[in-house]
Amino acid sequence: MYLTMAKSTTVKLNDGREIPVLGLGTYARQGKSDECRLSVESAISCGYRHIDTASFYNNEDEVGLGINNMIKEGVVTREEVFLTTKLWNDQHEEAKVVPALEESLKKLGLSYVDLYLIHWPLATNADGSSSDIDYLETWRGMEKCKELGLAKSIGVSNFNLQQLERLLSNCKVIPVVNQVEANPNLTQKKLLEYCKSKKIVLTAYTPLGSMPEIRDRTKAPPAPTMDDPILTAMAKKYNKVTTQIVLRYLIDCGMVAIPKSVTPARIAQNIDIFDFALTPEEVKKIDEFNADFRVVAVAVWKDHKNFPF
Ligand code: NDP
């Protein structure tokens, strides 16, 4: 049932390719062995056609194995899966970008990725200390990845509006995506409008915000929680649960969302959002949760000259 839905639910990128609006996130700080591979297989089996990873997640081998297993079993073809990976901060030197992607591809066991992103606009040295390398230099390496066919599309992540503007005035290839945190506590209205005006898709990471049980709620805004009354009323109306309402909200705002789960029932639940849509009034109600609050605040880089937040 999800197969046709997942396939048809895509948005066009500015380079003519398409990205499924719902993908599987795969980042786990302390993932158990095999957990990530199983989550990828479970996701593809229930209709996901978009998987998000990064060299930093240290799971490209498992993600690739999961995808290749599903291809071998005849569940999907390589062309049907949209795979994203990301360049880590200590590989920003122009000459390092292509080799970094080649290394990722080796781990993935694939010959190309659909989307390659600069993970952060800030460069570091191998020991984590700040480096001065400009993301404009890094972008030239990304353009080379596309030219070589190693990445079908290229984009960025965690870029703020000014950084995007500067990149757009100094590039040959326009990024197709900016992947940033977005959820009811961080609705990203300004950045989203800017991205739309430049035909850049905004992909929402940490789409469930502070709601999941693993989050530290002590600093988070009080709402929404899993049992928030506003979201619960909407969930009841559409015969859904509150997390599905939040994911649908992001898509109804024009974003792509990449919820992470290693739990098969949640993986299936998170993509079961294509048989309803929120009304503009409901979207507005959820907009009101905005508190410009970030789950992913990475204070460790706050003194870096290219720190985006
Ligand atoms: P999410 O908002 O996807 O939340 C993940 C957590 O929510 C997990 O603990 C998961 O538990 C739980 N969960 C998932 N679905 C449900 C559900 N239906 N009901 C209840 N709980 C649920 O946060 P992430 O930070 O993982 O973001 C998603 C993805 O975005 C990442 O995995 C990564 O791929 C990407 N990302 C990118 C970043 C960047 O800098 N570009 C930064 C951060 C994330 P469980 O797995 O146990 O089921």
# chains A, B, ... in the order shown; residues from 1 in each chain; ligands from 1
call {"tool": "residues_near_ligand", "arguments": {"ligand": "ligand 1", "cutoff": "6 Å", "atoms": "only C-alpha atoms and all ligand atoms", "output": "ChimeraX atom specification"}}
result
/A:25-27,52-53,119,157,179-180,205-209,212,214,243,258-263,266,269-270
call {"tool": "write_last_selection", "arguments": {"atoms": "N, CA and C atoms", "output": "PDB file, in the first residue's frame"}}
result
ATOM      1  N   GLY A  25      15.660   8.858   8.893  1.00  0.00           N
ATOM      2  CA  GLY A  25      16.890   9.321   9.532  1.00  0.00           C
ATOM      3  C   GLY A  25      17.599   8.122  10.149  1.00  0.00           C
ATOM      4  N   THR A  26      18.930   8.193  10.268  1.00  0.00           N
ATOM      5  CA  THR A  26      19.645   7.012  10.779  1.00  0.00           C
ATOM      6  C   THR A  26      20.654   7.329  11.872  1.00  0.00           C
ATOM      7  N   TYR A  27      20.637   8.564  12.385  1.00  0.00           N
ATOM      8  CA  TYR A  27      21.664   8.897  13.380  1.00  0.00           C
ATOM      9  C   TYR A  27      21.310   8.384  14.772  1.00  0.00           C
ATOM     10  N   ASP A  52      18.601   8.841   4.937  1.00  0.00           N
ATOM     11  CA  ASP A  52      19.565   9.898   5.248  1.00  0.00           C
ATOM     12  C   ASP A  52      20.674   9.365   6.149  1.00  0.00           C
ATOM     13  N   THR A  53      21.932   9.528   5.694  1.00  0.00           N
ATOM     14  CA  THR A  53      23.050   9.164   6.555  1.00  0.00           C
ATOM     15  C   THR A  53      24.127  10.247   6.445  1.00  0.00           C
ATOM     16  N   HIS A 119      27.925  19.003   5.588  1.00  0.00           N
ATOM     17  CA  HIS A 119      27.180  18.760   6.835  1.00  0.00           C
ATOM     18  C   HIS A 119      26.997  20.050   7.662  1.00  0.00           C
ATOM     19  N   SER A 157      23.857  21.741   4.536  1.00  0.00           N
ATOM     20  CA  SER A 157      23.118  21.474   5.757  1.00  0.00           C
ATOM     21  C   SER A 157      23.581  22.471   6.822  1.00  0.00           C
ATOM     22  N   GLN A 179      19.523  21.222   4.596  1.00  0.00           N
ATOM     23  CA  GLN A 179      18.948  20.362   5.644  1.00  0.00           C
ATOM     24  C   GLN A 179      19.215  21.015   6.995  1.00  0.00           C
ATOM     25  N   VAL A 180      18.160  21.379   7.692  1.00  0.00           N
ATOM     26  CA  VAL A 180      18.289  22.076   8.977  1.00  0.00           C
ATOM     27  C   VAL A 180      17.271  21.512   9.973  1.00  0.00           C
ATOM     28  N   TYR A 205      15.434  18.187   9.765  1.00  0.00           N
ATOM     29  CA  TYR A 205      15.963  17.129  10.640  1.00  0.00           C
ATOM     30  C   TYR A 205      15.455  17.335  12.054  1.00  0.00           C
ATOM     31  N   THR A 206      15.602  16.303  12.888  1.00  0.00           N
ATOM     32  CA  THR A 206      14.998  16.299  14.231  1.00  0.00           C
ATOM     33  C   THR A 206      13.537  16.783  14.128  1.00  0.00           C
ATOM     34  N   PRO A 207      12.762  16.153  13.221  1.00  0.00           N
ATOM     35  CA  PRO A 207      11.414  16.661  12.949  1.00  0.00           C
ATOM     36  C   PRO A 207      10.455  16.520  14.129  1.00  0.00           C
ATOM     37  N   LEU A 208      10.777  15.624  15.064  1.00  0.00           N
ATOM     38  CA  LEU A 208       9.880  15.458  16.213  1.00  0.00           C
ATOM     39  C   LEU A 208      10.282  16.360  17.384  1.00  0.00           C
ATOM     40  N   GLY A 209      11.328  17.156  17.186  1.00  0.00           N
ATOM     41  CA  GLY A 209      11.733  18.139  18.198  1.00  0.00           C
ATOM     42  C   GLY A 209      11.966  17.508  19.554  1.00  0.00           C
ATOM     43  N   PRO A 212      10.148  13.165  21.491  1.00  0.00           N
ATOM     44  CA  PRO A 212      10.536  11.783  21.848  1.00  0.00           C
ATOM     45  C   PRO A 212      11.067  11.643  23.270  1.00  0.00           C
ATOM     46  N   ILE A 214      13.611  10.278  24.506  1.00  0.00           N
ATOM     47  CA  ILE A 214      15.042  10.410  24.785  1.00  0.00           C
ATOM     48  C   ILE A 214      15.467  11.873  24.993  1.00  0.00           C
ATOM     49  N   THR A 243       2.595  12.303  16.723  1.00  0.00           N
ATOM     50  CA  THR A 243       3.832  12.383  15.934  1.00  0.00           C
ATOM     51  C   THR A 243       3.513  12.440  14.431  1.00  0.00           C
ATOM     52  N   ILE A 258      12.697  13.872   7.772  1.00  0.00           N
ATOM     53  CA  ILE A 258      13.463  12.609   7.858  1.00  0.00           C
ATOM     54  C   ILE A 258      13.485  12.069   9.294  1.00  0.00           C
ATOM     55  N   PRO A 259      12.320  11.645   9.818  1.00  0.00           N
ATOM     56  CA  PRO A 259      12.297  11.079  11.168  1.00  0.00           C
ATOM     57  C   PRO A 259      13.159   9.825  11.271  1.00  0.00           C
ATOM     58  N   LYS A 260      13.856   9.698  12.397  1.00  0.00           N
ATOM     59  CA  LYS A 260      14.669   8.508  12.652  1.00  0.00           C
ATOM     60  C   LYS A 260      13.900   7.581  13.579  1.00  0.00           C
ATOM     61  N   SER A 261      13.900   6.302  13.252  1.00  0.00           N
ATOM     62  CA  SER A 261      13.434   5.313  14.219  1.00  0.00           C
ATOM     63  C   SER A 261      14.083   3.985  13.886  1.00  0.00           C
ATOM     64  N   VAL A 262      14.339   3.203  14.936  1.00  0.00           N
ATOM     65  CA  VAL A 262      14.821   1.834  14.739  1.00  0.00           C
ATOM     66  C   VAL A 262      13.725   0.847  15.149  1.00  0.00           C
ATOM     67  N   THR A 263      12.546   1.376  15.429  1.00  0.00           N
ATOM     68  CA  THR A 263      11.431   0.547  15.891  1.00  0.00           C
ATOM     69  C   THR A 263      10.467   0.313  14.725  1.00  0.00           C
ATOM     70  N   ARG A 266       7.102   2.095  14.621  1.00  0.00           N
ATOM     71  CA  ARG A 266       7.196   3.555  14.453  1.00  0.00           C
ATOM     72  C   ARG A 266       7.628   3.925  13.042  1.00  0.00           C
ATOM     73  N   GLN A 269       4.594   3.718  11.095  1.00  0.00           N
ATOM     74  CA  GLN A 269       3.673   4.792  11.492  1.00  0.00           C
ATOM     75  C   GLN A 269       4.103   6.139  10.897  1.00  0.00           C
ATOM     76  N   ASN A 270       5.412   6.394  10.909  1.00  0.00           N
ATOM     77  CA  ASN A 270       5.900   7.703  10.470  1.00  0.00           C
ATOM     78  C   ASN A 270       5.657   7.977   8.986  1.00  0.00           C
TER      79      ASN A 270
END
call {"tool": "residues_around", "arguments": {"residues": "region 126-143 of chain A", "least_positions_apart": "3", "cutoff": "6 Å", "atoms": "only C-alpha atoms", "output": "PyMOL selection string"}}
result
chain A and resi 90+92-94+97+121+123+146
call {"tool": "write_last_selection", "arguments": {"atoms": "N, CA, C and O atoms", "output": "JSON list (two decimals), in the first residue's frame"}}
result
[["chain", "number", "residue", "atom", "x", "y", "z"],
["A", 90, "ASP", "N", 36.00, 18.06, 8.83],
["A", 90, "ASP", "CA", 37.47, 18.04, 8.70],
["A", 90, "ASP", "C", 37.92, 17.65, 7.29],
["A", 90, "ASP", "O", 39.09, 17.37, 7.07],
["A", 92, "HIS", "N", 36.97, 19.68, 4.52],
["A", 92, "HIS", "CA", 36.47, 20.81, 3.75],
["A", 92, "HIS", "C", 37.42, 21.34, 2.68],
["A", 92, "HIS", "O", 37.01, 22.11, 1.81],
["A", 93, "GLU", "N", 38.68, 20.98, 2.76],
["A", 93, "GLU", "CA", 39.63, 21.43, 1.75],
["A", 93, "GLU", "C", 39.15, 20.93, 0.38],
["A", 93, "GLU", "O", 38.76, 19.76, 0.27],
["A", 94, "GLU", "N", 39.22, 21.78, -0.64],
["A", 94, "GLU", "CA", 38.65, 21.40, -1.95],
["A", 94, "GLU", "C", 39.15, 20.03, -2.42],
["A", 94, "GLU", "O", 38.37, 19.19, -2.86],
["A", 97, "VAL", "N", 37.44, 16.77, -0.91],
["A", 97, "VAL", "CA", 36.00, 16.49, -0.98],
["A", 97, "VAL", "C", 35.70, 15.23, -1.81],
["A", 97, "VAL", "O", 34.98, 14.34, -1.34],
["A", 121, "PRO", "N", 28.50, 24.43, 7.81],
["A", 121, "PRO", "CA", 29.24, 25.47, 7.06],
["A", 121, "PRO", "C", 30.61, 25.76, 7.67],
["A", 121, "PRO", "O", 31.35, 26.59, 7.15],
["A", 123, "ALA", "N", 34.45, 24.65, 9.08],
["A", 123, "ALA", "CA", 35.51, 23.66, 8.88],
["A", 123, "ALA", "C", 36.29, 23.47, 10.17],
["A", 123, "ALA", "O", 36.46, 24.40, 10.95],
["A", 146, "LYS", "N", 29.62, 16.26, -8.32],
["A", 146, "LYS", "CA", 28.47, 16.18, -9.24],
["A", 146, "LYS", "C", 28.95, 15.96, -10.67],
["A", 146, "LYS", "O", 28.43, 15.12, -11.39]]
call {"tool": "closest_residue", "arguments": {"among": "A:Val75, A:Leu278, A:Ile44, A:Leu231", "to": "Tyr249 (chain A)", "atoms": "only C-alpha atoms"}}
result
A:Leu278
call {"tool": "closest_residue", "arguments": {"among": "A:Leu87, A:Leu186, A:Leu115, A:Leu101", "to": "Val295 (chain A)", "atoms": "only C-alpha atoms"}}
result
A:Leu186
call {"tool": "residues_around", "arguments": {"residues": "Asn59 (chain A)", "least_positions_apart": "4", "cutoff": "9 Å", "atoms": "only C-alpha atoms", "output": "PyMOL selection string"}}
result
chain A and resi 26-27+31+36-37+53-55+63-64+107-108
call {"tool": "closest_residue", "arguments": {"among": "A:Thr9, A:Asn158, A:Ser42, A:Ser33", "to": "Ala265 (chain A)", "atoms": "only C-alpha atoms"}}
result
A:Ser42
call {"tool": "select_by_dssp", "arguments": {"residues": "region 140-296 of chain A", "states": "strand (DSSP E)", "output": "number ranges by chain"}}
result
A: 151-157, 177-181, 201-205, 256-257
call {"tool": "atom_distance", "arguments": {"atom1": "CA of Thr187 (chain A)", "atom2": "CA of Asp114 (chain A)"}}
result
26.3 Å
call {"tool": "closest_atom_pairs", "arguments": {"of": "region 253-272 of chain A", "to": "region 193-201 of chain A", "cutoff": "12 Å", "atoms": "only C-alpha atoms", "output": "Markdown table"}}
result
| residue | atom | partner | partner_atom | distance |
| --- | --- | --- | --- | --- |
| A:Cys253 | CA | A:Glu193 | CA | 10.1 |
| A:Gly254 | CA | A:Val201 | CA | 8.2 |
| A:Met255 | CA | A:Val201 | CA | 6.8 |
| A:Val256 | CA | A:Val201 | CA | 7.4 |
| A:Ala257 | CA | A:Val201 | CA | 10.8 |
call {"tool": "write_last_selection", "arguments": {"atoms": "N, CA, C and O atoms", "output": "PDB file, in the first residue's frame"}}
result
ATOM      1  N   CYS A 253       3.826  22.316   5.264  1.00  0.00           N
ATOM      2  CA  CYS A 253       4.532  23.608   5.188  1.00  0.00           C
ATOM      3  C   CYS A 253       5.471  23.645   3.972  1.00  0.00           C
ATOM      4  O   CYS A 253       6.099  24.672   3.718  1.00  0.00           O
ATOM      5  N   GLY A 254       5.604  22.528   3.284  1.00  0.00           N
ATOM      6  CA  GLY A 254       6.465  22.509   2.090  1.00  0.00           C
ATOM      7  C   GLY A 254       7.862  21.985   2.351  1.00  0.00           C
ATOM      8  O   GLY A 254       8.778  22.218   1.558  1.00  0.00           O
ATOM      9  N   MET A 255       8.048  21.293   3.483  1.00  0.00           N
ATOM     10  CA  MET A 255       9.364  20.740   3.781  1.00  0.00           C
ATOM     11  C   MET A 255       9.404  19.239   3.471  1.00  0.00           C
ATOM     12  O   MET A 255       8.372  18.602   3.271  1.00  0.00           O
ATOM     13  N   VAL A 256      10.625  18.707   3.505  1.00  0.00           N
ATOM     14  CA  VAL A 256      10.846  17.262   3.470  1.00  0.00           C
ATOM     15  C   VAL A 256      11.183  16.884   4.916  1.00  0.00           C
ATOM     16  O   VAL A 256      11.852  17.671   5.605  1.00  0.00           O
ATOM     17  N   ALA A 257      10.740  15.736   5.412  1.00  0.00           N
ATOM     18  CA  ALA A 257      11.036  15.361   6.802  1.00  0.00           C
ATOM     19  C   ALA A 257      11.727  14.002   6.848  1.00  0.00           C
ATOM     20  O   ALA A 257      11.396  13.104   6.068  1.00  0.00           O
TER      21      ALA A 257
END
call {"tool": "residues_around", "arguments": {"residues": "Arg294 (chain A)", "least_positions_apart": "3", "cutoff": "9 Å", "atoms": "only C-alpha atoms", "output": "PDB file with C-alpha atoms, in the first residue's frame"}}
result
ATOM      1  CA  GLU A 181      16.450  21.387  12.219  1.00  0.00           C
ATOM      2  CA  ALA A 182      12.722  22.079  11.907  1.00  0.00           C
ATOM      3  CA  ASN A 185       9.437  24.540  18.339  1.00  0.00           C
ATOM      4  CA  LEU A 186      11.601  25.710  15.431  1.00  0.00           C
ATOM      5  CA  GLY A 209      11.733  18.139  18.198  1.00  0.00           C
ATOM      6  CA  SER A 210      11.572  17.637  21.969  1.00  0.00           C
ATOM      7  CA  ALA A 220      12.792  22.657  26.144  1.00  0.00           C
ATOM      8  CA  ALA A 291       9.969  29.200  20.269  1.00  0.00           C
ATOM      9  CA  ALA A 297      22.501  23.502  19.427  1.00  0.00           C
TER      10      ALA A 297
END
call {"tool": "select_by_dssp", "arguments": {"residues": "region 115-302 of chain A", "states": "alpha helix (DSSP H)", "output": "PyMOL selection string"}}
result
chain A and resi 135-147+161-168+189-197+229-238+242-252+264-271+280-287
call {"tool": "residues_around", "arguments": {"residues": "Pro184 (chain A)", "least_positions_apart": "4", "cutoff": "10 Å", "atoms": "only C-alpha atoms", "output": "MDAnalysis selection string"}}
result
chainID A and resid 188 207:211 223:224 246:247 249:250 283 285:293
call {"tool": "closest_residue", "arguments": {"among": "A:Asp228, A:Thr10, A:Tyr116, A:Val81", "to": "Val176 (chain A)", "atoms": "only C-alpha atoms"}}
result
A:Tyr116
call {"tool": "residues_around", "arguments": {"residues": "Gly74 (chain A)", "least_positions_apart": "6", "cutoff": "12 Å", "atoms": "only C-alpha atoms", "output": "ChimeraX atom specification"}}
result
/A:44-45,67-68,80
call {"tool": "closest_residue", "arguments": {"among": "A:Asn69, A:Asn14, A:Asn183, A:Thr242", "to": "Ser153 (chain A)", "atoms": "only C-alpha atoms"}}
result
A:Asn14
call {"tool": "closest_residue", "arguments": {"among": "A:Lys236, A:Lys72, A:Lys86, A:Arg248", "to": "Val21 (chain A)", "atoms": "only C-alpha atoms"}}
result
A:Arg248
call {"tool": "decode", "arguments": {"residues": "region 59-74 of chain A", "atoms": "N, CA and C atoms", "output": "PDB file, in the first residue's frame"}}
result
ATOM      1  N   ASN A  59      27.838   4.918  10.174  1.00  0.00           N
ATOM      2  CA  ASN A  59      26.928   3.795   9.905  1.00  0.00           C
ATOM      3  C   ASN A  59      26.724   3.580   8.402  1.00  0.00           C
ATOM      4  N   GLU A  60      27.586   4.211   7.587  1.00  0.00           N
ATOM      5  CA  GLU A  60      27.370   4.097   6.140  1.00  0.00           C
ATOM      6  C   GLU A  60      27.453   2.640   5.682  1.00  0.00           C
ATOM      7  N   ASP A  61      28.297   1.839   6.374  1.00  0.00           N
ATOM      8  CA  ASP A  61      28.380   0.424   5.991  1.00  0.00           C
ATOM      9  C   ASP A  61      27.036  -0.281   6.205  1.00  0.00           C
ATOM     10  N   GLU A  62      26.406  -0.012   7.343  1.00  0.00           N
ATOM     11  CA  GLU A  62      25.112  -0.662   7.635  1.00  0.00           C
ATOM     12  C   GLU A  62      23.994  -0.149   6.724  1.00  0.00           C
ATOM     13  N   VAL A  63      24.013   1.158   6.485  1.00  0.00           N
ATOM     14  CA  VAL A  63      22.987   1.734   5.601  1.00  0.00           C
ATOM     15  C   VAL A  63      23.112   1.114   4.208  1.00  0.00           C
ATOM     16  N   GLY A  64      24.359   1.048   3.719  1.00  0.00           N
ATOM     17  CA  GLY A  64      24.595   0.489   2.387  1.00  0.00           C
ATOM     18  C   GLY A  64      24.205  -0.980   2.315  1.00  0.00           C
ATOM     19  N   LEU A  65      24.516  -1.714   3.375  1.00  0.00           N
ATOM     20  CA  LEU A  65      24.179  -3.141   3.405  1.00  0.00           C
ATOM     21  C   LEU A  65      22.659  -3.320   3.364  1.00  0.00           C
ATOM     22  N   GLY A  66      21.972  -2.519   4.141  1.00  0.00           N
ATOM     23  CA  GLY A  66      20.499  -2.584   4.159  1.00  0.00           C
ATOM     24  C   GLY A  66      19.927  -2.329   2.774  1.00  0.00           C
ATOM     25  N   ILE A  67      20.430  -1.282   2.111  1.00  0.00           N
ATOM     26  CA  ILE A  67      19.921  -0.952   0.763  1.00  0.00           C
ATOM     27  C   ILE A  67      20.270  -2.080  -0.207  1.00  0.00           C
ATOM     28  N   ASN A  68      21.517  -2.541  -0.167  1.00  0.00           N
ATOM     29  CA  ASN A  68      21.937  -3.592  -1.101  1.00  0.00           C
ATOM     30  C   ASN A  68      21.180  -4.904  -0.865  1.00  0.00           C
ATOM     31  N   ASN A  69      20.878  -5.206   0.399  1.00  0.00           N
ATOM     32  CA  ASN A  69      20.081  -6.409   0.678  1.00  0.00           C
ATOM     33  C   ASN A  69      18.691  -6.307   0.049  1.00  0.00           C
ATOM     34  N   MET A  70      18.098  -5.125   0.156  1.00  0.00           N
ATOM     35  CA  MET A  70      16.755  -4.932  -0.409  1.00  0.00           C
ATOM     36  C   MET A  70      16.782  -4.985  -1.937  1.00  0.00           C
ATOM     37  N   ILE A  71      17.900  -4.513  -2.508  1.00  0.00           N
ATOM     38  CA  ILE A  71      18.040  -4.603  -3.977  1.00  0.00           C
ATOM     39  C   ILE A  71      18.167  -6.077  -4.377  1.00  0.00           C
ATOM     40  N   LYS A  72      19.000  -6.805  -3.630  1.00  0.00           N
ATOM     41  CA  LYS A  72      19.202  -8.237  -3.933  1.00  0.00           C
ATOM     42  C   LYS A  72      17.901  -9.013  -3.833  1.00  0.00           C
ATOM     43  N   GLU A  73      17.095  -8.643  -2.831  1.00  0.00           N
ATOM     44  CA  GLU A  73      15.815  -9.355  -2.649  1.00  0.00           C
ATOM     45  C   GLU A  73      14.756  -8.941  -3.669  1.00  0.00           C
ATOM     46  N   GLY A  74      15.090  -7.953  -4.473  1.00  0.00           N
ATOM     47  CA  GLY A  74      14.143  -7.526  -5.515  1.00  0.00           C
ATOM     48  C   GLY A  74      13.050  -6.598  -5.013  1.00  0.00           C
TER      49      GLY A  74
END
